[in-house]
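Reproduced below: upload.csv, with CSV, C-alpha atoms.
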chain,number,residue,atom,x,y,z
O,1,MET,CA,-51.9,-111.8,-55.5
O,2,PRO,CA,-55.2,-110.7,-57.2
O,3,LYS,CA,-58.3,-111.8,-55.2
O,4,LYS,CA,-60.0,-115.1,-56.1
O,5,THR,CA,-63.6,-115.5,-54.9
O,6,ALA,CA,-66.3,-118.1,-55.5
O,7,ASN,CA,-67.2,-118.6,-59.1
O,8,THR,CA,-64.2,-116.5,-60.1
O,9,LYS,CA,-61.1,-117.7,-61.9
O,10,SER,CA,-57.6,-116.6,-60.8
O,11,TYR,CA,-55.0,-114.9,-63.0
O,12,GLU,CA,-53.2,-118.2,-63.3
O,13,ASP,CA,-56.4,-120.1,-64.3
O,14,ILE,CA,-57.2,-117.7,-67.1
O,15,VAL,CA,-53.7,-117.7,-68.4
O,16,ARG,CA,-53.5,-121.5,-68.4
O,17,ASP,CA,-56.9,-121.8,-70.2
O,18,ALA,CA,-55.9,-119.2,-72.8
O,19,LYS,CA,-52.6,-120.9,-73.4
O,20,ALA,CA,-54.6,-124.1,-74.1
O,21,LYS,CA,-56.8,-122.2,-76.5
O,22,LYS,CA,-59.8,-122.5,-74.1
O,23,PHE,CA,-61.7,-119.2,-74.2
O,24,ALA,CA,-64.8,-118.0,-72.5
O,25,PRO,CA,-67.3,-116.0,-74.7
O,26,ILE,CA,-67.2,-113.1,-72.2
O,27,TYR,CA,-64.6,-111.9,-69.6
O,28,LEU,CA,-65.4,-109.2,-67.1
O,29,LEU,CA,-62.1,-108.0,-65.7
O,30,MET,CA,-62.6,-105.6,-62.8
O,31,GLY,CA,-60.9,-104.3,-59.7
O,32,GLU,CA,-58.7,-101.6,-58.2
O,33,GLU,CA,-55.4,-103.1,-59.5
O,34,ALA,CA,-55.2,-102.1,-63.2
O,35,TYR,CA,-52.0,-104.0,-63.9
O,36,TYR,CA,-53.5,-107.5,-63.8
O,37,ILE,CA,-56.5,-106.4,-65.8
O,38,ASP,CA,-54.1,-105.2,-68.6
O,39,MET,CA,-52.0,-108.4,-68.2
O,40,VAL,CA,-55.0,-110.7,-68.5
O,41,SER,CA,-56.7,-108.9,-71.4
O,42,ASN,CA,-53.4,-108.6,-73.3
O,43,TYR,CA,-52.6,-112.3,-72.8
O,44,ILE,CA,-56.0,-113.5,-74.0
O,45,ALA,CA,-55.7,-111.2,-77.0
O,46,GLU,CA,-52.3,-112.6,-78.0
O,47,GLN,CA,-53.6,-116.2,-77.7
O,48,ALA,CA,-57.1,-115.7,-79.2
O,49,LEU,CA,-55.9,-114.5,-82.7
O,50,ALA,CA,-52.8,-114.9,-84.8
O,51,PRO,CA,-51.3,-111.6,-86.0
O,52,GLU,CA,-52.5,-112.2,-89.5
O,53,GLU,CA,-56.1,-112.7,-88.3
O,54,ARG,CA,-56.4,-109.4,-86.3
O,55,ASP,CA,-57.1,-106.9,-89.1
O,56,PHE,CA,-60.5,-108.4,-89.8
O,57,ASN,CA,-61.4,-110.1,-86.5
O,58,GLN,CA,-60.3,-107.8,-83.7
O,59,ASP,CA,-62.0,-104.6,-82.5
O,60,ILE,CA,-60.5,-102.5,-79.7
O,61,ILE,CA,-63.2,-100.1,-78.2
O,62,TYR,CA,-62.1,-97.3,-75.9
O,63,ALA,CA,-65.2,-96.6,-73.8
O,64,THR,CA,-66.4,-93.2,-72.9
O,65,SER,CA,-69.5,-91.9,-71.2
O,66,GLU,CA,-71.1,-91.8,-74.6
O,67,THR,CA,-70.4,-95.5,-75.4
O,68,GLN,CA,-73.6,-97.4,-76.1
O,69,ALA,CA,-74.1,-101.1,-75.3
O,70,LYS,CA,-75.7,-101.7,-78.7
O,71,ASN,CA,-72.4,-100.8,-80.5
O,72,ILE,CA,-70.5,-103.4,-78.4
O,73,ILE,CA,-73.2,-106.0,-79.0
O,74,ASN,CA,-73.3,-105.4,-82.7
O,75,ALA,CA,-69.5,-105.8,-82.9
O,76,ALA,CA,-69.7,-109.0,-80.8
O,77,LYS,CA,-72.5,-110.5,-83.0
O,78,ARG,CA,-70.4,-110.4,-86.2
O,79,TYR,CA,-69.0,-113.7,-87.4
O,80,PRO,CA,-65.3,-114.2,-87.9
O,81,MET,CA,-63.6,-114.0,-91.3
O,82,MET,CA,-61.1,-116.7,-92.2
O,83,SER,CA,-60.6,-117.4,-88.5
O,84,GLU,CA,-62.2,-119.5,-85.7
O,85,ARG,CA,-63.1,-116.5,-83.6
O,86,ARG,CA,-63.5,-112.7,-83.3
O,87,LEU,CA,-62.0,-110.7,-80.4
O,88,ILE,CA,-63.7,-107.6,-79.0
O,89,VAL,CA,-61.7,-105.7,-76.2
O,90,VAL,CA,-63.5,-102.9,-74.4
O,91,ARG,CA,-60.9,-100.7,-72.7
O,92,GLU,CA,-61.9,-98.4,-69.8
O,93,ALA,CA,-65.3,-100.1,-69.5
O,94,GLN,CA,-65.8,-98.2,-66.2
O,95,ASN,CA,-66.6,-95.1,-68.3
O,96,ILE,CA,-69.8,-96.7,-69.6
O,97,SER,CA,-72.9,-95.4,-67.9
O,98,LYS,CA,-74.6,-97.9,-65.5
O,99,ALA,CA,-77.7,-97.9,-67.6
O,100,GLU,CA,-75.8,-98.8,-70.8
O,101,PHE,CA,-73.7,-101.4,-69.0
O,102,ASP,CA,-76.9,-103.1,-67.8
O,103,LYS,CA,-78.0,-103.4,-71.4
O,104,LEU,CA,-75.2,-105.9,-72.1
O,105,GLN,CA,-77.2,-108.5,-70.1
O,106,PRO,CA,-79.3,-109.8,-73.1
O,107,TYR,CA,-76.1,-110.5,-75.0
O,108,ALA,CA,-74.6,-112.2,-71.9
O,109,LEU,CA,-77.6,-114.5,-71.7
O,110,ASN,CA,-77.0,-115.7,-75.3
O,111,PRO,CA,-73.4,-114.8,-76.4
O,112,LEU,CA,-72.0,-115.8,-79.8
O,113,GLU,CA,-69.6,-118.7,-79.2
O,114,SER,CA,-67.2,-117.6,-81.9
O,115,THR,CA,-66.7,-114.2,-80.2
O,116,VAL,CA,-64.4,-113.5,-77.3
O,117,LEU,CA,-65.6,-110.3,-75.6
O,118,ILE,CA,-63.3,-108.8,-72.9
O,119,LEU,CA,-64.7,-105.9,-70.7
O,120,CYS,CA,-61.8,-104.1,-68.9
O,121,TYR,CA,-63.4,-102.4,-65.9
O,122,LYS,CA,-60.7,-100.6,-63.9
O,123,HIS,CA,-60.4,-98.7,-60.6
O,124,GLY,CA,-63.5,-100.3,-59.1
O,125,THR,CA,-65.9,-103.2,-59.2
O,126,ILE,CA,-69.5,-103.9,-60.1
O,127,ASP,CA,-71.9,-105.4,-57.6
O,128,ARG,CA,-71.9,-109.1,-58.2
O,129,ARG,CA,-75.6,-109.2,-57.4
O,130,LYS,CA,-76.4,-107.2,-60.5
O,131,ALA,CA,-78.2,-109.2,-63.2
O,132,VAL,CA,-75.6,-108.3,-65.9
O,133,VAL,CA,-72.7,-109.6,-63.7
O,134,ALA,CA,-74.6,-112.8,-62.8
O,135,ALA,CA,-75.3,-113.4,-66.5
O,136,ILE,CA,-71.7,-112.9,-67.4
O,137,ASN,CA,-70.5,-115.2,-64.6
O,138,LYS,CA,-72.9,-117.9,-65.7
O,139,VAL,CA,-71.4,-118.2,-69.3
O,140,GLY,CA,-68.0,-116.6,-68.9
O,141,VAL,CA,-65.4,-115.4,-66.4
O,142,VAL,CA,-65.7,-112.6,-63.8
O,143,TYR,CA,-62.2,-111.8,-62.5
O,144,GLU,CA,-61.4,-109.3,-59.7
O,145,SER,CA,-58.0,-107.7,-59.4
O,146,ALA,CA,-57.7,-106.4,-55.9
O,147,LYS,CA,-55.4,-103.6,-54.9
O,148,PHE,CA,-52.0,-104.8,-53.8
O,149,TYR,CA,-50.8,-104.2,-50.2
O,150,ASP,CA,-47.3,-103.0,-49.7
O,151,SER,CA,-46.4,-106.2,-47.9
O,152,GLU,CA,-47.2,-108.1,-51.1
O,153,LEU,CA,-44.8,-106.2,-53.3
O,154,PRO,CA,-41.6,-108.2,-52.5
O,155,GLN,CA,-43.4,-111.4,-53.5
O,156,PHE,CA,-44.6,-109.7,-56.7
O,157,ILE,CA,-41.1,-108.7,-57.6
O,158,GLN,CA,-39.6,-112.1,-57.0
O,159,ARG,CA,-42.4,-113.8,-59.0
O,160,TYR,CA,-42.0,-111.4,-61.9
O,161,LEU,CA,-38.2,-111.9,-62.0
O,162,LYS,CA,-38.6,-115.7,-61.8
O,163,ARG,CA,-40.7,-115.7,-64.9
O,164,LYS,CA,-37.8,-113.9,-66.7
O,165,GLY,CA,-35.2,-116.3,-65.3
O,166,PHE,CA,-33.7,-113.9,-62.8
O,167,THR,CA,-33.4,-113.7,-59.0
O,168,MET,CA,-32.8,-110.7,-56.7
O,169,GLU,CA,-31.2,-110.4,-53.3
O,170,ASP,CA,-33.6,-109.6,-50.4
O,171,LYS,CA,-32.2,-106.2,-49.7
O,172,ALA,CA,-32.6,-105.1,-53.3
O,173,VAL,CA,-36.2,-106.4,-53.4
O,174,VAL,CA,-37.1,-104.4,-50.3
O,175,MET,CA,-35.3,-101.3,-51.8
O,176,MET,CA,-37.4,-101.5,-55.0
O,177,ALA,CA,-40.7,-102.2,-53.2
O,178,ASP,CA,-40.1,-99.3,-50.8
O,179,TYR,CA,-38.9,-96.8,-53.4
O,180,ILE,CA,-41.3,-97.5,-56.2
O,181,GLY,CA,-44.4,-98.5,-54.2
O,182,SER,CA,-47.6,-100.3,-55.3
O,183,ASP,CA,-48.0,-99.0,-58.8
O,184,LEU,CA,-47.4,-102.4,-60.4
O,185,SER,CA,-47.2,-101.1,-64.0
O,186,HIS,CA,-44.4,-98.8,-62.9
O,187,LEU,CA,-42.7,-101.4,-60.8
O,188,ALA,CA,-42.8,-104.0,-63.7
O,189,GLY,CA,-41.3,-101.4,-66.0
O,190,GLU,CA,-38.4,-100.7,-63.6
O,191,ILE,CA,-37.8,-104.4,-63.2
O,192,ASP,CA,-37.7,-104.7,-67.0
O,193,LYS,CA,-35.2,-101.9,-67.1
O,194,LEU,CA,-33.0,-103.7,-64.6
O,195,VAL,CA,-33.1,-106.9,-66.6
O,196,VAL,CA,-32.2,-105.2,-69.8
O,197,SER,CA,-29.3,-103.4,-68.2
O,198,VAL,CA,-27.8,-106.6,-66.8
O,199,GLY,CA,-28.5,-108.5,-70.0
O,200,ASN,CA,-27.1,-112.0,-70.2
O,201,GLU,CA,-24.1,-111.3,-68.0
O,202,ARG,CA,-25.7,-112.9,-64.9
O,203,LYS,CA,-29.1,-113.9,-63.5
O,204,ALA,CA,-28.7,-112.6,-59.9
O,205,LEU,CA,-29.6,-108.9,-59.4
O,206,THR,CA,-28.1,-106.9,-56.4
O,207,ALA,CA,-28.7,-103.8,-54.4
O,208,ALA,CA,-25.9,-102.2,-56.4
O,209,ASP,CA,-27.8,-102.9,-59.6
O,210,VAL,CA,-30.9,-101.2,-58.1
O,211,GLU,CA,-28.8,-98.2,-57.1
O,212,ALA,CA,-27.1,-97.9,-60.5
O,213,VAL,CA,-30.2,-98.4,-62.7
O,214,ILE,CA,-33.2,-97.2,-60.6
O,215,GLY,CA,-31.4,-94.5,-58.7
O,216,VAL,CA,-32.2,-95.3,-55.1
O,217,SER,CA,-29.2,-95.4,-52.8
O,218,LYS,CA,-28.3,-98.8,-51.4
O,219,ASP,CA,-26.9,-97.1,-48.3
O,220,TYR,CA,-29.4,-94.3,-47.7
O,221,ASN,CA,-33.0,-95.6,-48.0
O,222,ASN,CA,-35.9,-96.5,-45.7
O,223,PHE,CA,-34.8,-100.1,-45.4
O,224,GLU,CA,-31.4,-99.0,-44.1
O,225,LEU,CA,-33.0,-96.5,-41.7
O,226,ILE,CA,-35.1,-99.2,-40.2
O,227,THR,CA,-32.1,-101.4,-39.7
O,228,ALA,CA,-30.2,-98.6,-38.1
O,229,LEU,CA,-33.1,-97.9,-35.7
O,230,ALA,CA,-33.5,-101.6,-34.9
O,231,MET,CA,-29.8,-101.8,-34.0
O,232,LYS,CA,-29.9,-98.4,-32.2
O,233,ASP,CA,-27.0,-97.3,-34.5
O,234,VAL,CA,-27.1,-93.6,-33.7
O,235,LEU,CA,-24.4,-92.6,-36.2
O,236,LYS,CA,-25.9,-94.5,-39.1
O,237,ALA,CA,-29.5,-93.4,-38.4
O,238,ASN,CA,-28.5,-89.8,-38.3
O,239,LYS,CA,-26.5,-90.0,-41.4
O,240,ILE,CA,-29.5,-91.4,-43.2
O,241,VAL,CA,-32.0,-88.9,-41.9
O,242,ASN,CA,-29.6,-86.0,-42.8
O,243,TYR,CA,-29.3,-87.5,-46.3
O,244,PHE,CA,-33.1,-87.6,-46.5
O,245,ASN,CA,-33.3,-84.0,-45.4
O,246,LYS,CA,-30.9,-82.9,-48.2
O,247,ASN,CA,-32.8,-84.9,-50.8
O,248,GLN,CA,-36.4,-84.4,-49.8
O,249,LYS,CA,-37.6,-84.7,-53.4
O,250,THR,CA,-36.5,-88.3,-53.7
O,251,ASN,CA,-36.9,-89.1,-49.9
O,252,PRO,CA,-39.9,-87.1,-48.7
O,253,PRO,CA,-40.9,-87.5,-45.1
O,254,PHE,CA,-44.5,-88.6,-46.1
O,255,LYS,CA,-43.0,-91.7,-47.6
O,256,THR,CA,-40.6,-92.5,-44.8
O,257,LEU,CA,-43.0,-92.0,-41.9
O,258,PRO,CA,-45.5,-94.8,-42.9
O,259,PHE,CA,-42.5,-97.1,-43.3
O,260,VAL,CA,-41.3,-96.3,-39.7
O,261,PHE,CA,-44.9,-96.5,-38.4
O,262,ASN,CA,-45.4,-100.0,-39.9
O,263,PHE,CA,-42.2,-101.3,-38.4
O,264,PHE,CA,-42.9,-100.2,-34.9
O,265,SER,CA,-46.6,-101.3,-35.1
O,266,ASN,CA,-45.3,-104.7,-36.1
O,267,LEU,CA,-42.8,-104.6,-33.3
O,268,MET,CA,-45.7,-104.1,-30.8
O,269,LEU,CA,-47.3,-107.2,-32.3
O,270,TYR,CA,-44.0,-109.0,-31.9
O,271,HIS,CA,-43.8,-108.1,-28.2
O,272,TYR,CA,-47.3,-109.6,-27.5
O,273,ALA,CA,-47.2,-112.5,-29.9
O,274,PRO,CA,-48.5,-115.6,-28.2
O,275,ASP,CA,-46.1,-117.8,-30.2
O,276,LYS,CA,-42.6,-116.5,-30.3
O,277,THR,CA,-41.2,-119.3,-32.4
O,278,GLU,CA,-39.9,-118.3,-35.9
O,279,GLN,CA,-43.0,-119.6,-37.6
O,280,GLY,CA,-45.3,-118.1,-35.0
O,281,LEU,CA,-43.7,-114.6,-35.5
O,282,LEU,CA,-43.9,-114.9,-39.3
O,283,LYS,CA,-47.6,-115.6,-39.0
O,284,GLN,CA,-48.2,-112.9,-36.4
O,285,LEU,CA,-46.4,-110.2,-38.5
O,286,GLU,CA,-47.6,-111.6,-41.8
O,287,LEU,CA,-44.0,-111.8,-43.1
O,288,LYS,CA,-43.0,-114.0,-46.0
O,289,SER,CA,-39.5,-115.1,-45.0
O,290,THR,CA,-37.3,-115.5,-41.9
O,291,TRP,CA,-34.9,-112.9,-43.4
O,292,GLN,CA,-37.5,-110.2,-42.7
O,293,LEU,CA,-37.5,-111.1,-39.0
O,294,LYS,CA,-33.9,-110.1,-38.4
O,295,ASP,CA,-34.7,-106.4,-37.7
O,296,TYR,CA,-37.6,-107.3,-35.4
O,297,ASN,CA,-35.4,-109.7,-33.4
O,298,LEU,CA,-32.9,-106.9,-33.0
O,299,ALA,CA,-35.4,-104.2,-32.2
O,300,ALA,CA,-37.3,-106.4,-29.6
O,301,ARG,CA,-34.0,-106.5,-27.6
O,302,ASN,CA,-33.5,-102.7,-27.9
O,303,TYR,CA,-37.1,-101.4,-27.4
O,304,SER,CA,-39.4,-102.5,-24.6
O,305,ALA,CA,-43.2,-102.8,-25.3
O,306,ARG,CA,-43.7,-99.5,-23.3
O,307,LYS,CA,-41.0,-97.7,-25.3
O,308,THR,CA,-42.5,-99.0,-28.6
O,309,MET,CA,-45.9,-97.7,-27.6
O,310,ASN,CA,-44.4,-94.3,-26.9
O,311,ILE,CA,-42.6,-94.3,-30.2
O,312,ILE,CA,-45.9,-95.1,-32.0
O,313,ALA,CA,-47.5,-92.1,-30.2
O,314,LYS,CA,-44.6,-89.9,-31.3
O,315,ILE,CA,-44.8,-91.1,-34.9
O,316,ARG,CA,-48.5,-90.0,-34.9
O,317,GLU,CA,-47.6,-86.6,-33.5
O,318,THR,CA,-44.8,-86.3,-36.1
O,319,ASP,CA,-47.3,-87.2,-38.9
O,320,ALA,CA,-49.6,-84.4,-37.7
O,321,LYS,CA,-46.7,-81.9,-37.6
O,322,ILE,CA,-45.6,-82.8,-41.1
O,323,LYS,CA,-49.1,-82.1,-42.2
O,324,GLY,CA,-48.9,-78.7,-40.6
O,325,VAL,CA,-50.6,-79.2,-37.3
O,326,GLU,CA,-48.9,-77.1,-34.6
O,327,SER,CA,-45.6,-77.2,-36.5
O,328,GLY,CA,-45.2,-73.5,-37.2
O,329,ASN,CA,-42.5,-73.0,-39.8
O,330,THR,CA,-40.5,-76.0,-38.7
O,331,ASP,CA,-38.8,-77.8,-41.7
O,332,PRO,CA,-40.1,-81.4,-42.2
O,333,GLY,CA,-36.5,-82.6,-42.2
O,334,ASP,CA,-36.0,-81.1,-38.7
O,335,ILE,CA,-39.3,-82.8,-37.6
O,336,MET,CA,-38.0,-86.1,-38.8
O,337,ARG,CA,-34.6,-85.6,-37.0
O,338,GLU,CA,-36.6,-84.9,-33.8
O,339,LEU,CA,-38.5,-88.2,-34.3
O,340,VAL,CA,-35.3,-90.2,-34.8
O,341,PHE,CA,-33.7,-88.6,-31.7
O,342,PHE,CA,-36.8,-89.6,-29.7
O,343,ILE,CA,-36.7,-93.2,-31.0
O,344,LEU,CA,-33.0,-93.7,-30.2
O,345,HIS,CA,-32.9,-92.1,-26.8
Step by step, read the file and then write its structure as structure tokens.
Amino acid sequence: MPKKTANTKSYEDIVRDAKAKKFAPIYLLMGEEAYYIDMVSNYIAEQALAPEERDFNQDIIYATSETQAKNIINAAKRYPMMSERRLIVVREAQNISKAEFDKLQPYALNPLESTVLILCYKHGTIDRRKAVVAAINKVGVVYESAKFYDSELPQFIQRYLKRKGFTMEDKAVVMMADYIGSDLSHLAGEIDKLVVSVGNERKALTAADVEAVIGVSKDYNNFELITALAMKDVLKANKIVNYFNKNQKTNPPFKTLPFVFNFFSNLMLYHYAPDKTEQGLLKQLELKSTWQLKDYNLAARNYSARKTMNIIAKIRETDAKIKGVESGNTDPGDIMRELVFFILH
């Protein structure tokens, strides 16, 4: 979930206010996660003006290094025509030079109440101690959209689907999160594709749907590899790693290795968790549901803490080899097979 700090409204707060037609004169939307910046700015834009009001009262400015603060201020100072308000959206505001961005402070100190000015500052943040940010925060909204962690992706998928009236089985959620990764815009687009493909036939999406529409195999993926390793299922684990070796474009080792590393790093935490109750382990491993514990419960019985430590060391060695350190001409697929053999024996 995007970060909420002191004097900062959350995504839900801003959406709720916009839906109620409560708008701030200035929004500074900044952060590493561009998806929520786009979502917030688009939602405010939809709510601020009716479609027939936009021709005369909406300006979209795509900022470059040549963009001047005075042009933004002049647009913001115009009064609306046959409407309650004007809307100015500055896209890619991170391209504006620091000196020009600072020049927005005088307007922020005395903004026009009939204007809604949205500054979309992506792929970074502005120091909150700067005078211009403090001025915006005093009269408007400063929103920070933090980069998503991979562990947060299943929750994002489930929330996104819930808003559309759909559910998805846990395995399918993990498959999508693993295969697509933390590009939320891409992930949302793939979820939309799934929803459209299923249509009104049913509201529960499955791993088979993900395989058919998204293209990731429901039987040969990183999630299934982890389950096979946790169970010490030698045959299944080798089938999967061989499949990966034949399909390295869609299953590259550099994507699989972090997945395996994270699992065994968490398994080490599992072994030394002070509270081995279900809730204690969920907290220790930062997991969202008891379903996610099943592979750790299996693996804890099959791998001692010492073996887990040796596996983590081997994964680090494998990572170096895949990156070309002391690997000679060894194929990355063969390096991964060697790792899986080490883990299972």
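When the distance limit is 10 Å and all atoms listed in the file are what count, the residues near Thr290 of chain O, minus those fewer than 2 positions from it on the same chain, are Glu278, Gln279, Leu281, Leu282, Leu287, Lys288, Gln292, Leu293 and Lys294 of chain O.
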Closest-contact table, segment 15-76 of chain O side, partner segment 161-182 of chain O, 12 Å, counting only C-alpha atoms, as CSV:
residue,atom,partner,partner_atom,distance
O:Glu32,CA,O:Ser182,CA,11.5
O:Glu33,CA,O:Ser182,CA,9.3
O:Ala34,CA,O:Ser182,CA,11.1
O:Tyr35,CA,O:Ser182,CA,10.3
Segment 251-267 of chain O surroundings by all atoms listed in the file, 10 Å radius, close-in-sequence under 2 positions cut, as number ranges by chain: O: 150, 178-179, 181, 216, 220-223, 225-226, 229-230, 241, 243-249, 269-273, 284-286, 295-297, 299-300, 303-305, 308-309, 311-316, 318-319, 322-323, 332-333, 335-336, 339-340
Resulting file, chosen residues, C-alpha atoms, as an mmCIF file, keeping the file's coordinate frame:
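The resulting part-v3.cif:
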data_model
loop_
_atom_site.group_PDB
_atom_site.id
_atom_site.type_symbol
_atom_site.label_atom_id
_atom_site.label_comp_id
_atom_site.auth_asym_id
_atom_site.auth_seq_id
_atom_site.Cartn_x
_atom_site.Cartn_y
_atom_site.Cartn_z
ATOM 1 C CA ASP O 150 -47.300 -103.000 -49.700
ATOM 2 C CA ASP O 178 -40.100 -99.300 -50.800
ATOM 3 C CA TYR O 179 -38.900 -96.800 -53.400
ATOM 4 C CA GLY O 181 -44.400 -98.500 -54.200
ATOM 5 C CA VAL O 216 -32.200 -95.300 -55.100
ATOM 6 C CA TYR O 220 -29.400 -94.300 -47.700
ATOM 7 C CA ASN O 221 -33.000 -95.600 -48.000
ATOM 8 C CA ASN O 222 -35.900 -96.500 -45.700
ATOM 9 C CA PHE O 223 -34.800 -100.100 -45.400
ATOM 10 C CA LEU O 225 -33.000 -96.500 -41.700
ATOM 11 C CA ILE O 226 -35.100 -99.200 -40.200
ATOM 12 C CA LEU O 229 -33.100 -97.900 -35.700
ATOM 13 C CA ALA O 230 -33.500 -101.600 -34.900
ATOM 14 C CA VAL O 241 -32.000 -88.900 -41.900
ATOM 15 C CA TYR O 243 -29.300 -87.500 -46.300
ATOM 16 C CA PHE O 244 -33.100 -87.600 -46.500
ATOM 17 C CA ASN O 245 -33.300 -84.000 -45.400
ATOM 18 C CA LYS O 246 -30.900 -82.900 -48.200
ATOM 19 C CA ASN O 247 -32.800 -84.900 -50.800
ATOM 20 C CA GLN O 248 -36.400 -84.400 -49.800
ATOM 21 C CA LYS O 249 -37.600 -84.700 -53.400
ATOM 22 C CA LEU O 269 -47.300 -107.200 -32.300
ATOM 23 C CA TYR O 270 -44.000 -109.000 -31.900
ATOM 24 C CA HIS O 271 -43.800 -108.100 -28.200
ATOM 25 C CA TYR O 272 -47.300 -109.600 -27.500
ATOM 26 C CA ALA O 273 -47.200 -112.500 -29.900
ATOM 27 C CA GLN O 284 -48.200 -112.900 -36.400
ATOM 28 C CA LEU O 285 -46.400 -110.200 -38.500
ATOM 29 C CA GLU O 286 -47.600 -111.600 -41.800
ATOM 30 C CA ASP O 295 -34.700 -106.400 -37.700
ATOM 31 C CA TYR O 296 -37.600 -107.300 -35.400
ATOM 32 C CA ASN O 297 -35.400 -109.700 -33.400
ATOM 33 C CA ALA O 299 -35.400 -104.200 -32.200
ATOM 34 C CA ALA O 300 -37.300 -106.400 -29.600
ATOM 35 C CA TYR O 303 -37.100 -101.400 -27.400
ATOM 36 C CA SER O 304 -39.400 -102.500 -24.600
ATOM 37 C CA ALA O 305 -43.200 -102.800 -25.300
ATOM 38 C CA THR O 308 -42.500 -99.000 -28.600
ATOM 39 C CA MET O 309 -45.900 -97.700 -27.600
ATOM 40 C CA ILE O 311 -42.600 -94.300 -30.200
ATOM 41 C CA ILE O 312 -45.900 -95.100 -32.000
ATOM 42 C CA ALA O 313 -47.500 -92.100 -30.200
ATOM 43 C CA LYS O 314 -44.600 -89.900 -31.300
ATOM 44 C CA ILE O 315 -44.800 -91.100 -34.900
ATOM 45 C CA ARG O 316 -48.500 -90.000 -34.900
ATOM 46 C CA THR O 318 -44.800 -86.300 -36.100
ATOM 47 C CA ASP O 319 -47.300 -87.200 -38.900
ATOM 48 C CA ILE O 322 -45.600 -82.800 -41.100
ATOM 49 C CA LYS O 323 -49.100 -82.100 -42.200
ATOM 50 C CA PRO O 332 -40.100 -81.400 -42.200
ATOM 51 C CA GLY O 333 -36.500 -82.600 -42.200
ATOM 52 C CA ILE O 335 -39.300 -82.800 -37.600
ATOM 53 C CA MET O 336 -38.000 -86.100 -38.800
ATOM 54 C CA LEU O 339 -38.500 -88.200 -34.300
ATOM 55 C CA VAL O 340 -35.300 -90.200 -34.800
#
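Of the residues under consideration (O:Phe56, O:Tyr107, O:Tyr79, O:Tyr143), O:Tyr143 shows the shortest atom-to-atom contact distance to Asp13 of chain O when counting only C-alpha atoms.
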Determine, for each residue of segment 140-239 of chain O having at least one atom at most 12 Å from an atom of segment 38-43 of chain O, the closest pair of atoms and their separation in Å to one decimal, counting only C-alpha atoms; order by chain and ascending number, as JSON lines.
{"residue": "O:Val141", "atom": "CA", "partner": "O:Val40", "partner_atom": "CA", "distance": 11.6}
{"residue": "O:Val142", "atom": "CA", "partner": "O:Val40", "partner_atom": "CA", "distance": 11.8}
{"residue": "O:Tyr143", "atom": "CA", "partner": "O:Val40", "partner_atom": "CA", "distance": 9.4}
{"residue": "O:Glu144", "atom": "CA", "partner": "O:Val40", "partner_atom": "CA", "distance": 11.0}
{"residue": "O:Ser145", "atom": "CA", "partner": "O:Val40", "partner_atom": "CA", "distance": 10.0}
{"residue": "O:Leu184", "atom": "CA", "partner": "O:Met39", "partner_atom": "CA", "distance": 10.9}
{"residue": "O:Ser185", "atom": "CA", "partner": "O:Asp38", "partner_atom": "CA", "distance": 9.3}
{"residue": "O:Ala188", "atom": "CA", "partner": "O:Met39", "partner_atom": "CA", "distance": 11.1}
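Distance check against Gln58 of chain O using only C-alpha atoms: of O:Val195, O:Ala45, O:Ile343, O:Leu187, the minimum falls on O:Ala45.
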Within 10 Å of segment 14-25 of chain O: each segment 81-105 of chain O residue with its shortest pair, all atoms listed in the file, as CSV:
residue,atom,partner,partner_atom,distance
O:Arg85,CA,O:Pro25,CA,9.9
O:Arg86,CA,O:Pro25,CA,10.0
O:Leu87,CA,O:Pro25,CA,9.4
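Rounded to one decimal, atom CA of Asn310 of chain O and atom CA of Asn238 of chain O lie 20.1 Å from each other.
With only C-alpha atoms as the atoms that count, the minimum distance from Pro111 of chain O to the choices O:Ile26, O:Asn71, O:Val210, O:Tyr36 is reached by O:Ile26.
Between atom CA of Glu338 of chain O and atom CA of Ser151 of chain O lies a distance of 27.4 Å.
For the pair atom CA of Asn110 of chain O and atom CA of Ile72 of chain O, the separation is 14.3 Å.
With only C-alpha atoms as the atoms that count, the residue of O:Ile88, O:Ala135, O:Leu49, O:Ala320 with the shortest distance to Cys120 of chain O is O:Ile88.
When the distance limit is 10 Å and only C-alpha atoms are what count, the residues near Gln105 of chain O, minus those fewer than 6 positions from it on the same chain, are Ala69, Pro111, Lys130, Ala131, Val132, Val133, Ala134, Ala135 and Ile136 of chain O.
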Those residues you just picked out, can you put them in a file as a PDB file, in the frame of the given file with C-alpha atoms?
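Produced file selection.pdb, reproduced below:
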ATOM      1  CA  ALA O  69     -74.100-101.100 -75.300  1.00  0.00           C
ATOM      2  CA  PRO O 111     -73.400-114.800 -76.400  1.00  0.00           C
ATOM      3  CA  LYS O 130     -76.400-107.200 -60.500  1.00  0.00           C
ATOM      4  CA  ALA O 131     -78.200-109.200 -63.200  1.00  0.00           C
ATOM      5  CA  VAL O 132     -75.600-108.300 -65.900  1.00  0.00           C
ATOM      6  CA  VAL O 133     -72.700-109.600 -63.700  1.00  0.00           C
ATOM      7  CA  ALA O 134     -74.600-112.800 -62.800  1.00  0.00           C
ATOM      8  CA  ALA O 135     -75.300-113.400 -66.500  1.00  0.00           C
ATOM      9  CA  ILE O 136     -71.700-112.900 -67.400  1.00  0.00           C
TER      10      ILE O 136
END
